Each structure stands twice: as C-alpha cells, then as structure tokens.
$ cat entry-v1.cif   # mmCIF, C-alpha atoms
data_upload
#
loop_
_atom_site.label_atom_id
_atom_site.label_comp_id
_atom_site.auth_asym_id
_atom_site.auth_seq_id
_atom_site.Cartn_x
_atom_site.Cartn_y
_atom_site.Cartn_z
CA MET A 1 111.79 102.66 99.39
CA SER A 2 113.00 103.08 102.94
CA GLY A 3 115.39 100.71 104.60
CA GLN A 4 113.07 100.12 107.56
CA GLN A 5 109.51 98.90 107.83
CA TYR A 6 106.83 98.67 110.51
CA ARG A 7 106.20 95.67 112.75
CA LYS A 8 102.72 94.26 113.37
CA ARG A 9 102.07 93.30 116.97
CA ASP A 10 99.20 91.43 118.62
CA GLN A 11 98.91 91.56 122.40
CA ASN A 12 95.84 89.83 123.79
CA GLY A 13 93.92 90.65 120.61
CA VAL A 14 95.02 94.29 120.52
CA VAL A 15 96.66 94.70 117.12
CA TYR A 16 99.00 97.66 116.61
CA PHE A 17 102.12 98.67 114.69
CA THR A 18 105.57 99.81 115.80
CA ILE A 19 108.76 101.03 114.13
CA PRO A 20 111.74 98.71 114.70
CA SER A 21 114.32 101.49 114.43
CA PHE A 22 112.51 103.43 117.18
CA GLU A 23 112.27 100.34 119.38
CA ASN A 24 115.96 99.61 118.96
CA THR A 25 116.93 102.94 120.57
CA GLY A 26 115.19 102.11 123.86
CA LEU A 27 114.26 105.78 124.12
CA VAL A 28 110.54 105.74 123.38
CA ARG A 29 107.24 103.94 123.76
CA HIS A 30 105.09 104.23 120.69
CA GLY A 31 102.56 102.64 118.39
CA PHE A 32 99.86 103.08 115.78
CA SER A 33 96.55 101.45 116.63
CA SER A 34 94.42 99.25 114.41
CA ARG A 35 90.65 98.83 114.67
CA LEU A 36 91.08 95.56 116.58
CA GLY A 37 91.05 94.84 120.30
CA GLY A 38 88.59 97.30 121.81
CA VAL A 39 85.09 97.31 123.28
CA SER A 40 83.16 99.58 120.88
CA THR A 41 80.36 98.18 118.74
CA GLY A 42 78.58 99.05 115.49
CA GLU A 43 80.37 101.18 112.91
CA CYS A 44 83.07 101.99 115.49
CA ALA A 45 83.89 98.38 116.35
CA SER A 46 86.11 97.81 118.09
CA LEU A 47 89.15 99.94 119.12
CA ASN A 48 87.69 103.35 118.30
CA LEU A 49 89.73 106.21 119.79
CA GLY A 50 87.75 109.12 118.40
CA PHE A 51 85.51 111.06 120.80
CA LYS A 52 83.77 112.81 117.89
CA LYS A 53 82.41 109.54 116.53
CA LYS A 54 79.06 107.83 117.19
CA ASP A 55 80.28 105.87 120.17
CA ASP A 56 79.73 105.67 123.92
CA PRO A 57 82.33 107.94 125.62
CA GLU A 58 82.92 105.27 128.26
CA ASN A 59 83.75 102.74 125.54
CA ILE A 60 86.25 105.20 124.07
CA ARG A 61 87.87 105.79 127.45
CA GLU A 62 88.15 102.05 127.97
CA ASN A 63 89.69 101.71 124.50
CA PHE A 64 92.32 104.28 125.46
CA ARG A 65 93.06 102.39 128.66
CA ILE A 66 93.44 99.18 126.63
CA PHE A 67 95.73 100.69 124.00
CA CYS A 68 97.80 102.68 126.50
CA ASN A 69 98.26 99.54 128.60
CA VAL A 70 99.83 97.57 125.74
CA LEU A 71 102.14 100.50 124.95
CA GLY A 72 103.09 101.17 128.57
CA ILE A 73 101.83 104.74 128.40
CA PRO A 74 99.74 106.20 131.28
CA PRO A 75 96.50 107.66 129.86
CA SER A 76 96.90 110.64 132.19
CA ARG A 77 100.06 111.66 130.28
CA MET A 78 98.44 111.91 126.82
CA VAL A 79 98.17 115.23 124.96
CA PHE A 80 95.50 115.78 122.26
CA THR A 81 94.88 118.64 119.83
CA ASP A 82 91.85 119.56 117.70
CA GLN A 83 93.52 118.77 114.30
CA VAL A 84 92.31 121.08 111.54
CA HIS A 85 94.32 119.85 108.51
CA LYS A 86 96.79 122.75 108.67
CA ASP A 87 100.54 122.90 109.32
CA ALA A 88 100.93 124.42 112.80
CA VAL A 89 103.19 122.71 115.34
CA ALA A 90 103.00 123.02 119.16
CA VAL A 91 105.81 122.52 121.65
CA VAL A 92 104.49 120.39 124.51
CA THR A 93 105.66 120.34 128.16
CA GLU A 94 104.57 118.62 131.37
CA SER A 95 101.88 121.26 131.81
CA HIS A 96 100.04 119.83 128.78
CA ALA A 97 99.84 116.24 130.09
CA GLY A 98 96.25 115.04 130.23
CA MET A 99 94.91 117.68 127.85
CA GLY A 100 92.12 116.28 125.72
CA PHE A 101 91.64 113.20 127.89
CA LEU A 102 91.43 114.42 131.50
CA ARG A 103 90.55 118.02 130.69
CA MET A 104 89.92 120.31 127.74
CA SER A 105 92.89 121.00 125.51
CA ASP A 106 93.94 124.57 124.77
CA LEU A 107 95.99 123.41 121.77
CA THR A 108 93.77 124.71 118.97
CA GLU A 109 94.36 124.60 115.21
CA ILE A 110 97.35 122.33 115.78
CA ASP A 111 98.22 119.24 113.72
CA ALA A 112 101.68 118.38 115.05
CA LEU A 113 103.28 118.11 118.48
CA VAL A 114 106.91 118.04 119.62
CA THR A 115 108.57 117.63 123.01
CA ASP A 116 111.83 116.83 124.75
CA ARG A 117 110.13 116.02 128.06
CA PRO A 118 110.12 112.36 129.10
CA GLY A 119 106.78 110.92 130.15
CA VAL A 120 104.63 113.22 128.00
CA ALA A 121 102.72 111.23 125.37
CA LEU A 122 102.02 112.89 122.04
CA VAL A 123 98.82 111.70 120.32
CA THR A 124 97.42 112.30 116.83
CA PHE A 125 94.27 110.84 115.29
CA HIS A 126 93.85 109.16 111.91
CA ALA A 127 91.40 107.35 109.63
CA ASP A 128 93.27 107.69 106.28
CA CYS A 129 95.56 110.69 106.94
CA VAL A 130 99.29 110.03 107.29
CA PRO A 131 100.88 109.72 110.75
CA LEU A 132 104.46 110.99 110.81
CA PHE A 133 106.73 109.90 113.68
CA PHE A 134 110.02 111.66 114.50
CA LEU A 135 112.78 110.71 116.93
CA ASP A 136 115.98 112.64 117.55
CA PRO A 137 118.09 110.17 119.58
CA VAL A 138 120.94 112.67 120.00
CA HIS A 139 118.98 115.46 121.69
CA ARG A 140 116.27 113.09 122.96
CA ALA A 141 113.35 114.85 121.33
CA ILE A 142 110.28 113.57 119.52
CA GLY A 143 107.58 114.79 117.15
CA LEU A 144 104.28 113.48 115.84
CA SER A 145 102.31 114.92 112.90
CA HIS A 146 98.84 114.47 111.40
CA SER A 147 99.47 114.87 107.67
CA GLY A 148 96.42 114.65 105.43
CA TRP A 149 96.67 115.84 101.85
CA ARG A 150 96.45 119.49 102.94
CA GLY A 151 99.10 118.98 105.58
CA THR A 152 101.29 117.14 103.10
CA VAL A 153 101.05 119.97 100.57
CA ALA A 154 101.79 122.46 103.37
CA LYS A 155 104.77 120.26 104.33
CA ILE A 156 103.86 119.77 107.95
CA GLY A 157 106.64 117.17 108.23
CA ARG A 158 109.24 119.79 107.36
CA ASN A 159 107.60 122.24 109.78
CA THR A 160 107.77 119.63 112.54
CA LEU A 161 111.48 119.12 111.94
CA ASP A 162 112.09 122.87 111.84
CA THR A 163 110.31 123.26 115.18
CA MET A 164 112.43 120.49 116.70
CA ARG A 165 115.57 122.17 115.36
CA ASP A 166 114.60 125.59 116.72
CA ASN A 167 113.62 124.31 120.17
CA PHE A 168 115.84 121.29 120.81
CA GLY A 169 118.81 121.67 118.45
CA THR A 170 117.66 118.71 116.33
CA ARG A 171 119.62 117.97 113.16
CA PRO A 172 117.61 116.12 110.48
CA GLU A 173 120.56 113.89 109.64
CA ASP A 174 120.37 112.44 113.17
CA CYS A 175 116.64 111.74 113.04
CA LEU A 176 114.65 108.58 112.63
CA ALA A 177 111.21 108.95 111.04
CA GLY A 178 108.16 106.83 110.33
CA ILE A 179 105.42 107.16 107.71
CA GLY A 180 102.55 105.18 109.16
CA PRO A 181 99.50 103.34 107.79
CA SER A 182 97.25 105.65 105.75
CA ILE A 183 95.42 105.80 102.45
CA GLY A 184 97.64 104.61 99.61
CA LYS A 185 97.99 105.78 96.05
CA CYS A 186 95.82 102.82 95.07
CA CYS A 187 92.81 104.47 96.71
CA PHE A 188 93.56 108.19 96.97
CA GLU A 189 91.69 109.47 93.92
CA VAL A 190 91.46 113.27 93.62
CA ASP A 191 90.16 115.91 91.24
CA PRO A 192 92.61 117.95 89.11
CA PRO A 193 92.54 121.03 91.42
CA VAL A 194 93.86 118.92 94.29
CA ALA A 195 96.45 117.23 92.07
CA ASP A 196 97.57 120.68 90.93
CA GLN A 197 98.44 121.60 94.51
CA PHE A 198 100.83 118.65 94.59
CA PHE A 199 102.33 119.79 91.27
CA GLN A 200 103.01 123.18 92.85
CA ALA A 201 104.28 121.84 96.18
CA PHE A 202 106.61 119.24 94.66
CA PRO A 203 107.90 120.68 91.39
CA GLU A 204 109.73 118.23 89.14
CA ARG A 205 108.61 115.29 91.31
CA GLU A 206 105.11 114.92 89.90
CA ALA A 207 105.93 111.69 88.04
CA GLU A 208 106.64 110.03 91.39
CA LEU A 209 103.48 111.34 93.05
CA ILE A 210 100.65 111.66 90.54
CA GLU A 211 99.11 109.15 88.16
CA PRO A 212 96.42 110.61 85.87
CA LYS A 213 93.50 108.33 85.01
CA GLY A 214 90.81 109.85 82.83
CA ASN A 215 89.59 113.05 84.43
CA LYS A 216 90.91 112.00 87.87
CA CYS A 217 94.33 111.54 89.43
CA PHE A 218 95.76 109.15 91.99
CA VAL A 219 98.22 110.74 94.45
CA ASP A 220 100.90 108.99 96.51
CA LEU A 221 100.91 110.58 99.97
CA TRP A 222 103.61 108.20 101.21
CA ALA A 223 106.02 109.32 98.49
CA ALA A 224 105.13 113.00 98.99
CA ASN A 225 105.92 112.78 102.70
CA ARG A 226 109.07 110.77 102.11
CA ILE A 227 110.30 113.36 99.59
CA GLN A 228 109.80 116.27 101.99
CA LEU A 229 111.56 114.40 104.81
CA GLU A 230 114.51 113.55 102.57
CA GLU A 231 114.64 117.12 101.25
CA SER A 232 114.69 118.29 104.87
CA GLY A 233 117.81 116.20 105.46
CA ILE A 234 116.66 112.88 106.94
CA PRO A 235 118.59 110.02 105.28
CA GLU A 236 116.41 107.67 103.24
CA SER A 237 117.65 104.71 105.29
CA ASN A 238 116.31 106.40 108.45
CA ILE A 239 112.71 106.62 107.16
CA ALA A 240 110.40 103.68 107.92
CA THR A 241 107.34 103.33 105.69
CA ALA A 242 104.46 101.08 106.74
CA SER A 243 103.16 100.71 103.14
CA LEU A 244 99.74 99.72 104.50
CA CYS A 245 96.66 101.26 102.90
CA THR A 246 93.95 101.96 105.45
CA CYS A 247 91.29 102.02 102.72
CA CYS A 248 92.30 98.65 101.26
CA ARG A 249 92.82 96.98 104.64
CA ARG A 250 89.51 97.72 106.33
CA ASP A 251 89.91 94.39 108.11
CA LEU A 252 92.70 96.07 110.07
CA PHE A 253 92.00 99.80 109.93
CA PHE A 254 89.24 102.39 110.04
CA SER A 255 88.97 104.32 106.76
CA HIS A 256 87.03 107.56 106.44
CA ARG A 257 86.99 107.31 102.64
CA GLY A 258 86.45 103.58 102.44
CA GLU A 259 83.54 103.66 104.88
CA LYS A 260 82.16 107.06 103.82
CA GLY A 261 82.68 108.59 107.24
CA HIS A 262 80.76 105.87 109.10
CA THR A 263 83.75 104.54 110.95
CA GLY A 264 86.00 104.94 113.98
CA ILE A 265 89.35 106.63 114.53
CA MET A 266 92.85 105.27 115.16
CA ALA A 267 95.66 106.95 117.08
CA ALA A 268 99.41 107.37 116.81
CA MET A 269 101.20 107.68 120.17
CA LEU A 270 104.79 108.56 120.97
CA MET A 271 106.43 109.15 124.37
CA LEU A 272 110.01 109.55 125.53
CA THR A 273 110.92 107.22 128.38
CA GLU A 274 112.45 108.41 131.64
CA GLY A 275 115.68 106.47 131.07
#

$ encode --input "entry-v1.cif" --output "structure tokens"
Amino acid sequence: MSGQQYRKRDQNGVVYFTIPSFENTGLVRHGFSSRLGGVSTGECASLNLGFKKKDDPENIRENFRIFCNVLGIPPSRMVFTDQVHKDAVAVVTESHAGMGFLRMSDLTEIDALVTDRPGVALVTFHADCVPLFFLDPVHRAIGLSHSGWRGTVAKIGRNTLDTMRDNFGTRPEDCLAGIGPSIGKCCFEVDPPVADQFFQAFPEREAELIEPKGNKCFVDLWAANRIQLEESGIPESNIATASLCTCCRRDLFFSHRGEKGHTGIMAAMLMLTEG
C-alpha cells in the first residue's frame, strides 16, 4: 500500500477528492469529482461532466462552472481530449487552453496530457477507469492519464512519465503520483482473454493482480498501475491510492459497469499554479 491517501472534501455540497501530498507542495490545483453537487437530473444526477451523456448541455456547462469554482480553476483554461482507451500522450501548451469546452479539440486519440505551463488545466474523464495524477515538483511539470484496462495493459502511466522526462527533464524518483477512485478488484470481473493480457503485461506479478473464480477472473487495476509506476522509478511512498471503488460506491460516484452505461461522467483536473 502507498504511504499517502486521498482526502474527501465537501464544499457547499460539492463532494470531491484531493491528494494531500499534491496539496502540500502548493504548486497545483486539482481534484477528482464525485457525482454530488451539480444540477443535472435523471440518470446523470447530479454533477455530470460528460457531454456525450443524456443530459442538457447547459446543465453540463453549469456543472463545470460549479466544479471549477471549488477547485479555483477557470473553465476557459481546461483542455479535453477524445479518450479512446489507448496509450498516446499529448504535450499541452497555452494554445490548447479551452479546447473541448470553448471550442473543438484537435487532440484526437489521446488518453493522457502533460504540461509545464502554469494556468493550463488538464482534464480527463472517468466512470470506472483509473485516473492517474503526476506531479514533478522539481521541474514543475504535471501529467494526467485516463487508464482503463486497455490503457493499464499498454502502460499509459509509464508512457506519461516517459513523455514528461523527454519534454521537461522529469525524473521518476522526484515525482508524486495519485491513483484515483475507479473500479476495484472487488467488481472488475473479466473473461480469461482479458486476464491473459494482464499476465503478459505484468509477468511474474499475476498473483498480485488476478484472482480466478470459476471461469472468470477478478483483476486489480489499482495494483497494476501501482506496479508500473514503481517499476518506472516512482518511490512507493510517493504514490497515493484512493482505494475507492466507483462501482461499489454508487452513492458517491458514477459507474459505467455498475449502472450498465446509464450514468454520468466524472472528471479529474490538474493545473499548475502561477506561483
């Protein structure tokens, strides 16, 4: 287990989660939303942040304004991608600010974002997939990844770190990381072909990741992501794990699997401050 955990916050009914180690640096504004505190109704009630869901676009925009307000992030500075469950990483600059919210985004087939530019807010979307947060306090750079099971097998977390190293000089041993709320091993049941991809991606670590039950398997995405971050060089004590299952805790979170797709979307946000 990691030496750090996440902190639950409630500001005027808007419930969200932060990483204490990130907060302690004073370098970023960040958070992972819950389903609570917004204006949406029906299956997307109430803080839905997904434009592709059955929801009024004006409700979604208001939800973004609500969530950004509690984080201290201007909505006009957010950057979205299309997220296709692959492992590509994009380097973001000021020119990308507002993409996806104020105007169409040209960041296609991208599931992770990195930047060293203050005031540019990275955003990824989740409803069971793992959010990965990265902060390099030495070079003042950040990264945010959308890591579903395909992204985890493709090791998008490692790719994100490699991109930060290549562009900003990031050293993994300096980094802080967070594994956010997502579907837990308790609920992530897969068929053998999917489990086999984890066997191949994490050789000799299958006992930590995979629990066979009958003709199915249960896979631990939190452990798989933690292993790849540690193998990339981030110290275990620098990795915060929320240990919150979105499928179990549908009182707090939207869950694509738990609600069979009839649900909303949460967001992870991360922005370097100007200081």

$ closest_residue --input "entry-v1.cif" --among "A:Ile239, A:Glu43, A:Gly119, A:Val114" --to "Pro74 in chain A" --atoms "all atoms listed in the file"
A:Gly119

$ resolve_selection --input "entry-v1.cif" --expression "the PyMOL selection byres ((chain A and resi 184) around 10)" --output "count of residues only"
23

$ residues_around --input "entry-v1.cif" --residues "Gly98 in chain A" --least-positions-apart "2" --cutoff "10 Å" --atoms "only C-alpha atoms" --output "NGL selection string"
:A and (74-80 or 94-96 or 100-105 or 120-121)

$ write_last_selection --input "entry-v1.cif" --atoms "C-alpha atoms" --output "PDB file, keeping the file's coordinate frame"
ATOM      1  CA  PRO A  74      99.740 106.200 131.280  1.00  0.00           C
ATOM      2  CA  PRO A  75      96.500 107.660 129.860  1.00  0.00           C
ATOM      3  CA  SER A  76      96.900 110.640 132.190  1.00  0.00           C
ATOM      4  CA  ARG A  77     100.060 111.660 130.280  1.00  0.00           C
ATOM      5  CA  MET A  78      98.440 111.910 126.820  1.00  0.00           C
ATOM      6  CA  VAL A  79      98.170 115.230 124.960  1.00  0.00           C
ATOM      7  CA  PHE A  80      95.500 115.780 122.260  1.00  0.00           C
ATOM      8  CA  GLU A  94     104.570 118.620 131.370  1.00  0.00           C
ATOM      9  CA  SER A  95     101.880 121.260 131.810  1.00  0.00           C
ATOM     10  CA  HIS A  96     100.040 119.830 128.780  1.00  0.00           C
ATOM     11  CA  GLY A 100      92.120 116.280 125.720  1.00  0.00           C
ATOM     12  CA  PHE A 101      91.640 113.200 127.890  1.00  0.00           C
ATOM     13  CA  LEU A 102      91.430 114.420 131.500  1.00  0.00           C
ATOM     14  CA  ARG A 103      90.550 118.020 130.690  1.00  0.00           C
ATOM     15  CA  MET A 104      89.920 120.310 127.740  1.00  0.00           C
ATOM     16  CA  SER A 105      92.890 121.000 125.510  1.00  0.00           C
ATOM     17  CA  VAL A 120     104.630 113.220 128.000  1.00  0.00           C
ATOM     18  CA  ALA A 121     102.720 111.230 125.370  1.00  0.00           C
TER      19      ALA A 121
END

$ resolve_selection --input "entry-v1.cif" --expression "the PyMOL selection byres ((chain A and resi 45-57) around 8)" --output "list in words"
Ser33, Ser34, Arg35, Leu36, Gly37, Gly38, Val39, Ser40, Thr41, Gly42, Glu43, Cys44, Glu58, Asn59, Ile60, Arg61, Asn63, Phe64, Phe125, Thr263, Gly264, Ile265, Met266 and Ala267 of chain A

$ residues_around --input "entry-v1.cif" --residues "Gly180 in chain A" --least-positions-apart "5" --cutoff "9 Å" --atoms "all atoms listed in the file" --output "list in words"
Tyr6, Phe17, Ile19, Phe32, Val130, Pro131, Leu132, Phe133, Trp222, Ala240, Thr241, Ala242, Ser243, Leu244 and Ala268 of chain A

$ atom_distance --input "entry-v1.cif" --atom1 "CA of Leu135 in chain A" --atom2 "CA of Arg249 in chain A"
27.2 Å

$ resolve_selection --input "entry-v1.cif" --expression "the PyMOL selection byres ((chain A and resi 225) around 8)" --output "ChimeraX atom specification"
/A:152,155,157,179,221-224,226-229

$ residues_around --input "entry-v1.cif" --residues "Leu27 in chain A" --least-positions-apart "5" --cutoff "12 Å" --atoms "all atoms listed in the file" --output "PDB file with C-alpha atoms, in the frame of the given file"
ATOM      1  CA  SER A  21     114.320 101.490 114.430  1.00  0.00           C
ATOM      2  CA  PHE A  22     112.510 103.430 117.180  1.00  0.00           C
ATOM      3  CA  ASP A 116     111.830 116.830 124.750  1.00  0.00           C
ATOM      4  CA  ARG A 117     110.130 116.020 128.060  1.00  0.00           C
ATOM      5  CA  PRO A 118     110.120 112.360 129.100  1.00  0.00           C
ATOM      6  CA  GLY A 119     106.780 110.920 130.150  1.00  0.00           C
ATOM      7  CA  LEU A 135     112.780 110.710 116.930  1.00  0.00           C
ATOM      8  CA  ASP A 136     115.980 112.640 117.550  1.00  0.00           C
ATOM      9  CA  PRO A 137     118.090 110.170 119.580  1.00  0.00           C
ATOM     10  CA  VAL A 138     120.940 112.670 120.000  1.00  0.00           C
ATOM     11  CA  HIS A 139     118.980 115.460 121.690  1.00  0.00           C
ATOM     12  CA  ARG A 140     116.270 113.090 122.960  1.00  0.00           C
ATOM     13  CA  ALA A 141     113.350 114.850 121.330  1.00  0.00           C
ATOM     14  CA  ILE A 142     110.280 113.570 119.520  1.00  0.00           C
ATOM     15  CA  LEU A 176     114.650 108.580 112.630  1.00  0.00           C
ATOM     16  CA  LEU A 270     104.790 108.560 120.970  1.00  0.00           C
ATOM     17  CA  MET A 271     106.430 109.150 124.370  1.00  0.00           C
ATOM     18  CA  LEU A 272     110.010 109.550 125.530  1.00  0.00           C
ATOM     19  CA  THR A 273     110.920 107.220 128.380  1.00  0.00           C
ATOM     20  CA  GLU A 274     112.450 108.410 131.640  1.00  0.00           C
ATOM     21  CA  GLY A 275     115.680 106.470 131.070  1.00  0.00           C
TER      22      GLY A 275
END

$ closest_residue --input "entry-v1.cif" --among "A:Ala90, A:Pro20, A:Val123, A:Glu211" --to "Ile73 in chain A" --atoms "only C-alpha atoms"
A:Val123

$ atom_distance --input "entry-v1.cif" --atom1 "CA of Thr108 in chain A" --atom2 "CA of Val89 in chain A"
10.3 Å
